[in-house]
$ cat my_file-v6.txt   # compact mmCIF, C-alpha atoms
# COMPACT_ATOMS: atom_id res chain seq x y z
CA MET I 1 108.95 107.78 71.57
CA LYS I 2 108.67 104.32 73.10
CA GLN I 3 111.06 105.37 75.86
CA THR I 4 108.70 108.23 76.72
CA TRP I 5 105.95 105.79 77.71
CA ILE I 6 108.38 103.62 79.64
CA ALA I 7 109.66 106.65 81.51
CA ALA I 8 106.13 107.87 82.16
CA VAL I 9 105.07 104.53 83.59
CA ALA I 10 108.17 104.37 85.77
CA ALA I 11 107.85 107.94 87.00
CA LEU I 12 104.17 107.62 87.81
CA GLY I 13 104.41 104.19 89.36
CA LEU I 14 106.82 104.81 92.22
CA ALA I 15 104.42 103.83 94.98
CA SER I 16 105.51 102.03 98.11
CA PRO I 17 105.42 98.24 97.67
CA ALA I 18 103.69 98.05 101.03
CA LEU I 19 100.67 99.91 99.68
CA ALA I 20 97.92 98.15 97.79
CA ALA I 21 97.82 98.85 94.06
CA ASP I 22 95.19 101.31 92.89
CA GLU I 23 92.17 99.56 91.42
CA VAL I 24 90.91 100.49 87.95
CA THR I 25 87.93 98.91 86.20
CA LEU I 26 87.84 99.32 82.41
CA GLN I 27 84.62 98.64 80.50
CA LEU I 28 85.17 97.69 76.84
CA LYS I 29 82.78 98.62 74.04
CA TRP I 30 82.61 95.09 72.65
CA VAL I 31 83.64 91.50 73.33
CA THR I 32 87.21 90.38 73.99
CA GLN I 33 89.05 90.73 70.68
CA ALA I 34 92.11 92.38 69.14
CA GLN I 35 90.20 95.67 68.92
CA PHE I 36 91.24 96.04 72.58
CA ALA I 37 94.62 94.34 72.40
CA GLY I 38 96.57 97.20 73.98
CA TYR I 39 94.77 96.80 77.30
CA TYR I 40 95.19 93.03 77.42
CA VAL I 41 98.87 93.37 76.50
CA ALA I 42 99.38 95.92 79.28
CA LEU I 43 97.71 93.50 81.69
CA GLU I 44 99.60 90.41 80.52
CA ASN I 45 103.01 92.07 80.16
CA GLY I 46 102.84 93.60 83.62
CA TYR I 47 102.70 97.24 82.52
CA TYR I 48 99.78 97.93 84.86
CA ASP I 49 101.61 96.20 87.70
CA GLU I 50 104.66 98.39 87.04
CA ALA I 51 102.37 101.42 87.28
CA ASP I 52 101.05 100.16 90.64
CA LEU I 53 97.61 99.46 89.20
CA ASP I 54 95.22 96.56 89.74
CA VAL I 55 93.23 96.64 86.49
CA THR I 56 90.05 94.68 85.78
CA ILE I 57 88.92 94.55 82.14
CA LEU I 58 85.22 93.97 81.59
CA PRO I 59 84.22 92.69 78.11
CA GLY I 60 81.28 94.32 76.38
CA GLY I 61 78.61 92.87 74.14
CA PRO I 62 75.38 93.62 72.31
CA ASP I 63 73.47 94.17 75.55
CA ILE I 64 76.13 96.25 77.31
CA ALA I 65 76.26 100.04 76.92
CA PRO I 66 79.52 101.40 78.37
CA THR I 67 77.89 104.77 79.08
CA GLN I 68 75.28 103.06 81.27
CA VAL I 69 77.94 101.02 83.05
CA ILE I 70 79.98 104.07 84.06
CA ALA I 71 76.83 106.02 84.95
CA GLY I 72 75.89 103.23 87.35
CA GLY I 73 79.33 103.14 88.97
CA GLY I 74 80.36 99.87 87.36
CA ALA I 75 83.55 101.21 85.77
CA ASP I 76 86.16 103.92 86.31
CA VAL I 77 86.88 104.35 82.61
CA ILE I 78 85.22 103.14 79.42
CA VAL I 79 86.09 102.55 75.78
CA GLU I 80 83.48 104.33 73.67
CA TRP I 81 82.97 105.97 70.29
CA MET I 82 82.83 109.76 70.43
CA PRO I 83 79.29 110.16 68.98
CA ALA I 84 77.84 108.06 71.80
CA ALA I 85 79.94 109.87 74.39
CA LEU I 86 78.97 113.34 73.16
CA SER I 87 75.32 112.32 72.98
CA ALA I 88 75.47 111.08 76.55
CA ARG I 89 77.15 114.31 77.64
CA GLU I 90 74.47 116.47 76.04
CA ASN I 91 71.85 114.32 77.75
CA GLY I 92 73.28 114.81 81.22
CA LEU I 93 76.08 112.23 81.66
CA PRO I 94 79.26 114.37 81.85
CA LEU I 95 81.73 112.13 80.03
CA VAL I 96 85.18 113.48 79.18
CA ASN I 97 87.66 112.05 76.68
CA ILE I 98 90.99 111.62 78.49
CA ALA I 99 92.87 109.73 75.75
CA GLN I 100 92.46 108.66 72.13
CA PRO I 101 94.45 105.51 71.26
CA PHE I 102 92.67 105.16 67.89
CA LYS I 103 93.84 107.82 65.44
CA SER I 104 91.78 106.63 62.45
CA SER I 105 88.31 105.20 61.89
CA GLY I 106 87.84 101.59 60.82
CA MET I 107 84.24 101.99 59.73
CA MET I 108 83.20 101.48 56.11
CA LEU I 109 80.36 100.45 53.82
CA THR I 110 80.97 97.20 51.94
CA CYS I 111 78.96 96.70 48.74
CA TRP I 112 78.40 94.19 45.96
CA LYS I 113 80.22 95.44 42.88
CA ASP I 114 77.78 93.61 40.57
CA ALA I 115 74.97 95.79 41.93
CA GLY I 116 76.41 98.55 39.76
CA ILE I 117 78.05 100.47 42.57
CA SER I 118 81.38 102.09 41.82
CA GLU I 119 81.19 105.50 43.52
CA PRO I 120 79.21 107.10 46.37
CA ALA I 121 76.60 108.58 44.00
CA ASP I 122 75.65 105.01 43.03
CA LEU I 123 74.34 104.39 46.55
CA ASP I 124 71.16 106.27 45.63
CA ASN I 125 68.00 104.16 45.46
CA ARG I 126 69.63 101.20 47.25
CA THR I 127 69.05 99.15 50.37
CA LEU I 128 71.89 99.75 52.80
CA GLY I 129 72.60 97.91 56.04
CA VAL I 130 73.33 100.28 58.91
CA TRP I 131 74.25 99.66 62.54
CA PHE I 132 72.28 101.66 65.07
CA PHE I 133 72.75 102.27 68.82
CA GLY I 134 74.88 105.33 68.05
CA ASN I 135 76.79 103.76 65.17
CA GLU I 136 74.47 105.21 62.54
CA PHE I 137 75.58 108.82 62.90
CA PRO I 138 78.52 108.74 60.45
CA PHE I 139 76.24 107.12 57.87
CA LEU I 140 73.49 109.70 58.31
CA ALA I 141 76.00 112.52 58.05
CA TRP I 142 77.41 111.00 54.86
CA MET I 143 73.98 110.65 53.27
CA SER I 144 73.21 114.26 54.20
CA GLN I 145 76.50 115.30 52.56
CA LEU I 146 75.52 113.37 49.41
CA ASP I 147 72.03 114.94 49.52
CA ILE I 148 70.47 111.47 49.68
CA ALA I 149 67.42 111.03 51.90
CA THR I 150 66.85 107.96 54.10
CA ASP I 151 63.09 107.73 53.58
CA GLY I 152 63.00 104.48 51.63
CA LYS I 153 64.19 103.06 48.35
CA ALA I 154 63.47 105.66 45.66
CA GLU I 155 65.24 108.17 43.46
CA GLY I 156 67.12 110.51 45.78
CA SER I 157 66.67 108.24 48.79
CA VAL I 158 67.83 104.94 50.26
CA GLU I 159 66.22 102.16 52.27
CA VAL I 160 67.99 101.84 55.63
CA LEU I 161 68.06 98.27 56.86
CA LYS I 162 68.71 98.09 60.59
CA GLN I 163 71.63 95.71 60.55
CA GLY I 164 72.54 93.34 63.35
CA PHE I 165 76.20 92.84 64.19
CA ASN I 166 76.67 90.28 61.43
CA VAL I 167 77.08 90.19 57.67
CA ASP I 168 74.02 88.13 56.74
CA PRO I 169 72.14 90.94 54.92
CA LEU I 170 74.93 91.19 52.35
CA LEU I 171 75.50 87.46 51.94
CA GLN I 172 71.76 86.85 51.57
CA ARG I 173 71.40 89.79 49.16
CA GLN I 174 68.96 91.55 51.44
CA ALA I 175 71.09 94.68 51.08
CA ASP I 176 73.37 96.06 48.38
CA CYS I 177 75.80 97.29 51.04
CA ILE I 178 76.34 96.76 54.75
CA SER I 179 78.27 98.39 57.56
CA THR I 180 81.61 96.75 58.30
CA MET I 181 84.78 97.45 60.22
CA THR I 182 88.10 97.14 58.42
CA TYR I 183 89.30 94.77 61.14
CA ASN I 184 86.24 92.56 61.62
CA GLU I 185 83.06 92.22 59.56
CA TYR I 186 84.72 92.82 56.18
CA TRP I 187 86.82 89.73 56.80
CA GLN I 188 83.75 87.78 57.84
CA VAL I 189 82.42 88.42 54.33
CA ILE I 190 85.69 87.21 52.82
CA ASP I 191 85.74 84.15 55.08
CA ALA I 192 82.23 83.30 53.84
CA GLY I 193 83.74 82.66 50.42
CA VAL I 194 83.39 86.05 48.75
CA ASP I 195 86.37 87.17 46.68
CA PRO I 196 87.56 90.73 47.40
CA SER I 197 87.26 91.49 43.68
CA GLU I 198 83.47 91.05 44.01
CA LEU I 199 83.27 93.90 46.53
CA ILE I 200 83.74 97.64 46.65
CA THR I 201 84.32 99.44 49.93
CA PHE I 202 83.88 103.05 51.01
CA LYS I 203 85.86 104.00 54.10
CA TYR I 204 84.26 106.75 56.16
CA GLU I 205 87.76 108.12 56.71
CA ASP I 206 88.12 108.65 52.95
CA GLN I 207 84.65 110.21 52.65
CA GLY I 208 85.43 112.93 55.19
CA VAL I 209 82.75 111.84 57.66
CA ALA I 210 84.78 109.57 59.94
CA MET I 211 84.27 110.00 63.67
CA LEU I 212 86.62 109.15 66.48
CA GLU I 213 86.31 105.59 67.73
CA ASP I 214 87.53 103.74 70.82
CA GLY I 215 88.51 106.66 73.01
CA LEU I 216 88.89 106.47 76.80
CA TYR I 217 86.21 108.33 78.77
CA VAL I 218 85.68 109.12 82.45
CA LEU I 219 83.19 111.13 84.48
CA GLU I 220 84.07 114.81 84.66
CA GLU I 221 83.62 115.11 88.43
CA ASN I 222 86.37 112.55 89.05
CA LEU I 223 88.92 114.77 87.31
CA GLU I 224 88.66 117.20 90.23
CA ASP I 225 90.44 114.61 92.42
CA PRO I 226 94.27 114.83 92.07
CA GLU I 227 94.70 111.21 93.16
CA TYR I 228 92.25 110.06 90.47
CA VAL I 229 94.05 112.14 87.84
CA ASP I 230 97.36 110.55 88.88
CA LYS I 231 95.80 107.07 88.70
CA MET I 232 94.36 107.70 85.24
CA ALA I 233 97.68 109.14 84.02
CA ARG I 234 99.42 105.93 85.06
CA PHE I 235 96.65 103.89 83.45
CA VAL I 236 96.91 105.75 80.14
CA ALA I 237 100.73 105.57 80.11
CA ALA I 238 100.68 101.81 80.72
CA SER I 239 97.85 101.28 78.21
CA MET I 240 99.67 103.18 75.48
CA LYS I 241 102.79 101.14 76.18
CA GLY I 242 100.58 98.09 75.62
CA TRP I 243 99.22 99.53 72.39
CA LYS I 244 102.63 100.30 70.93
CA TRP I 245 103.88 96.81 71.86
CA ALA I 246 100.80 95.35 70.14
CA GLU I 247 101.49 97.39 67.00
CA GLU I 248 105.06 96.05 66.87
CA ASN I 249 104.12 92.47 67.79
CA PRO I 250 100.70 91.86 66.20
CA GLU I 251 100.77 88.07 66.22
CA ASP I 252 101.91 87.86 69.85
CA ALA I 253 99.33 90.47 70.82
CA ALA I 254 96.60 88.45 69.13
CA MET I 255 97.63 85.36 71.09
CA ILE I 256 97.43 87.32 74.34
CA VAL I 257 93.89 88.39 73.44
CA LEU I 258 92.95 84.77 72.76
CA ASP I 259 94.22 83.79 76.21
CA TYR I 260 91.76 86.27 77.77
CA ASP I 261 88.79 85.23 75.64
CA GLU I 262 86.80 83.19 78.14
CA THR I 263 84.06 82.46 75.59
CA GLY I 264 86.38 80.58 73.25
CA ALA I 265 84.55 82.22 70.35
CA GLN I 266 87.58 83.86 68.76
CA THR I 267 89.94 82.09 66.37
CA GLU I 268 93.67 82.51 65.98
CA GLY I 269 93.61 83.43 62.28
CA HIS I 270 90.85 86.00 62.67
CA GLN I 271 92.48 87.67 65.66
CA ILE I 272 95.92 87.87 64.03
CA ARG I 273 94.35 89.48 60.97
CA MET I 274 92.27 91.79 63.16
CA MET I 275 95.31 92.93 65.10
CA GLY I 276 97.09 93.75 61.86
CA GLU I 277 94.20 95.98 60.79
CA VAL I 278 93.73 97.56 64.23
CA ALA I 279 97.43 98.47 64.29
CA LYS I 280 96.79 100.67 61.24
CA LEU I 281 94.19 102.60 63.22
CA THR I 282 96.25 103.13 66.37
CA ALA I 283 99.38 104.03 64.39
CA GLY I 284 100.21 107.72 64.73
CA SER I 285 98.57 108.15 68.12
CA ASN I 286 100.58 108.71 71.29
CA GLY I 287 97.33 108.65 73.25
CA ALA I 288 96.61 112.38 73.19
CA LEU I 289 93.44 113.50 71.42
CA ASP I 290 94.09 115.58 68.30
CA PRO I 291 91.81 118.65 68.63
CA ALA I 292 91.38 118.74 64.83
CA ASP I 293 90.08 115.16 64.81
CA TYR I 294 87.72 116.07 67.65
CA GLN I 295 86.40 119.11 65.80
CA ARG I 296 85.85 117.09 62.61
CA THR I 297 83.74 114.63 64.61
CA VAL I 298 81.71 117.44 66.18
CA ASP I 299 81.20 119.25 62.87
CA THR I 300 80.07 116.01 61.18
CA LEU I 301 77.61 115.30 63.98
CA LEU I 302 76.17 118.82 63.90
CA ALA I 303 75.68 118.50 60.13
CA GLY I 304 73.84 115.21 60.53
CA GLY I 305 70.45 116.32 59.23
CA SER I 306 67.05 116.60 60.86
CA ASP I 307 67.76 114.34 63.85
CA PRO I 308 71.28 115.26 65.00
CA VAL I 309 72.95 113.33 67.81
CA ILE I 310 74.06 116.63 69.36
CA THR I 311 72.36 119.98 68.91
CA LYS I 312 75.14 122.36 69.98
CA GLU I 313 78.91 122.61 70.24
CA PRO I 314 80.00 120.63 73.33
CA GLU I 315 81.99 122.29 76.09
CA GLY I 316 84.52 120.50 78.28
CA ALA I 317 84.12 117.18 76.42
CA TRP I 318 87.86 116.42 76.32
CA THR I 319 91.03 117.17 78.23
CA HIS I 320 94.78 116.81 77.77
CA VAL I 321 95.37 116.83 81.54
CA ILE I 322 95.74 113.05 81.71
CA THR I 323 97.86 112.56 78.60
CA ASP I 324 100.06 115.55 79.48
CA ALA I 325 100.88 113.82 82.76
CA ALA I 326 101.14 110.36 81.18
CA LEU I 327 103.54 111.49 78.46
CA ASP I 328 105.59 113.89 80.58

$ encode --input "my_file-v6.txt" --output "structure tokens"
Amino acid sequence: MKQTWIAAVAALGLASPALAADEVTLQLKWVTQAQFAGYYVALENGYYDEADLDVTILPGGPDIAPTQVIAGGGADVIVEWMPAALSARENGLPLVNIAQPFKSSGMMLTCWKDAGISEPADLDNRTLGVWFFGNEFPFLAWMSQLDIATDGKAEGSVEVLKQGFNVDPLLQRQADCISTMTYNEYWQVIDAGVDPSELITFKYEDQGVAMLEDGLYVLEENLEDPEYVDKMARFVAASMKGWKWAEENPEDAAMIVLDYDETGAQTEGHQIRMMGEVAKLTAGSNGALDPADYQRTVDTLLAGGSDPVITKEPEGAWTHVITDAALD
């Protein structure tokens, strides 16, 4: 399989050395960290150069919405979660998923075991920390599935605490559970001195309400341009080569990410651990979106209760055109 990506990159990258490399700007969903290792590996290891691409990677952050960046012309392709992308599409921004490096979801709810929580039904009448800005949709769908309201702490309902991107509400006992990612916030709780035996976690993947994360999205109109399609095919082929290298070399991949972290905020131990967890989520993906995973995400969103993120089945929200060319 690895040879397929190498061959794809080689076949798609046979441009004349006299011509300038095609420029691609990638907007990440969050800050520079191992969550995006495949792209930094492809940049550092020269896979984009081999594909005749000049790639610029823009870090994200709490005040950066990838959908707004691409809408304003600030990026050619973005990393985004599917709920946010489908919401944007229904609201007039025609985003299309062209590749899905992440096969599995890393989202989960992390709870204090001593609060008496051992199964999902025990979440009733609790205070639960939830990320918003599009990240709340899996949670709302799950609560709807459990027939638990989100109207406040009471029998048959929960109090939803709008959680910042930190773990303070759990550590300070402001919430019985908080939102975490398998590769990031969960380990922040552990690093704060909490023993794993004190916690219980519920992975959204295991609860049947996981949604696709960290896909690659472009504007639909650009896919009408054959040169753009060729450029994106080379980009995806090189990026997937980077992802598979990162899976096989997690520690080296983490060090590459650290080299690109201009803030100096990341630490070696955390990034190596993060890369190990991220590799579990990208494993099994060759870059092509699995239609069944897509449909599960759509069905979960449509079943999300009284305030759904999308109101009807999307049309044209994904394509295999790019990955078919990249993996040919």

$ residues_around --input "my_file-v6.txt" --residues "I:Leu109" --least-positions-apart "6" --cutoff "6 Å" --atoms "only C-alpha atoms" --output "PDB file with C-alpha atoms, in the frame of the given file"
ATOM      1  CA  ILE I 178      76.340  96.760  54.750  1.00  0.00           C
ATOM      2  CA  SER I 179      78.270  98.390  57.560  1.00  0.00           C
ATOM      3  CA  THR I 180      81.610  96.750  58.300  1.00  0.00           C
ATOM      4  CA  THR I 201      84.320  99.440  49.930  1.00  0.00           C
ATOM      5  CA  PHE I 202      83.880 103.050  51.010  1.00  0.00           C
TER       6      PHE I 202
END

$ closest_residue --input "my_file-v6.txt" --among "I:Leu86, I:Ala326, I:Ala210, I:Ala283" --to "I:Ile310" --atoms "all atoms listed in the file"
I:Leu86

$ residues_around --input "my_file-v6.txt" --residues "I:Val79" --least-positions-apart "6" --cutoff "7 Å" --atoms "only C-alpha atoms" --output "PDB file with C-alpha atoms, in the frame of the given file"
ATOM      1  CA  GLN I  27      84.620  98.640  80.500  1.00  0.00           C
ATOM      2  CA  LEU I  28      85.170  97.690  76.840  1.00  0.00           C
ATOM      3  CA  LYS I  29      82.780  98.620  74.040  1.00  0.00           C
ATOM      4  CA  ASP I 214      87.530 103.740  70.820  1.00  0.00           C
ATOM      5  CA  GLY I 215      88.510 106.660  73.010  1.00  0.00           C
ATOM      6  CA  LEU I 216      88.890 106.470  76.800  1.00  0.00           C
ATOM      7  CA  TYR I 217      86.210 108.330  78.770  1.00  0.00           C
TER       8      TYR I 217
END

$ residues_around --input "my_file-v6.txt" --residues "stretch 143-159 of chain I" --least-positions-apart "2" --cutoff "7 Å" --atoms "all atoms listed in the file" --output "JSON, numbers by chain"
{"I": [124, 125, 126, 127, 128, 139, 140, 141, 161, 304, 305]}

$ write_last_selection --input "my_file-v6.txt" --atoms "C-alpha atoms" --output "compact mmCIF listing (two decimals), in the frame of the given file"
# COMPACT_ATOMS: atom_id res chain seq x y z
CA ASP I 124 71.16 106.27 45.63
CA ASN I 125 68.00 104.16 45.46
CA ARG I 126 69.63 101.20 47.25
CA THR I 127 69.05 99.15 50.37
CA LEU I 128 71.89 99.75 52.80
CA PHE I 139 76.24 107.12 57.87
CA LEU I 140 73.49 109.70 58.31
CA ALA I 141 76.00 112.52 58.05
CA LEU I 161 68.06 98.27 56.86
CA GLY I 304 73.84 115.21 60.53
CA GLY I 305 70.45 116.32 59.23

$ residues_around --input "my_file-v6.txt" --residues "I:Ile322" --least-positions-apart "5" --cutoff "12 Å" --atoms "only C-alpha atoms" --output "number ranges by chain"
I: 8, 12, 96-100, 216-218, 222-224, 226-237, 287-289, 327-328

$ residues_around --input "my_file-v6.txt" --residues "stretch 181-193 of chain I" --least-positions-apart "5" --cutoff "8 Å" --atoms "only C-alpha atoms" --output "ChimeraX atom specification"
/I:35,106-108,110,166-167,171,273-278

$ closest_residue --input "my_file-v6.txt" --among "I:Leu302, I:Ala253, I:Ala317, I:Ser285" --to "I:Val41" --atoms "all atoms listed in the file"
I:Ala253

$ atom_distance --input "my_file-v6.txt" --atom1 "atom CA of I:Trp245" --atom2 "atom CA of I:Tyr40"
11.0 Å

$ atom_distance --input "my_file-v6.txt" --atom1 "atom CA of I:Ala42" --atom2 "atom CA of I:Glu262"
17.9 Å

$ atom_distance --input "my_file-v6.txt" --atom1 "atom CA of I:Gly72" --atom2 "atom CA of I:Tyr48"
24.6 Å

$ closest_residue --input "my_file-v6.txt" --among "I:Ser197, I:Thr319, I:Asn249, I:Gln163" --to "I:Lys113" --atoms "only C-alpha atoms"
I:Ser197
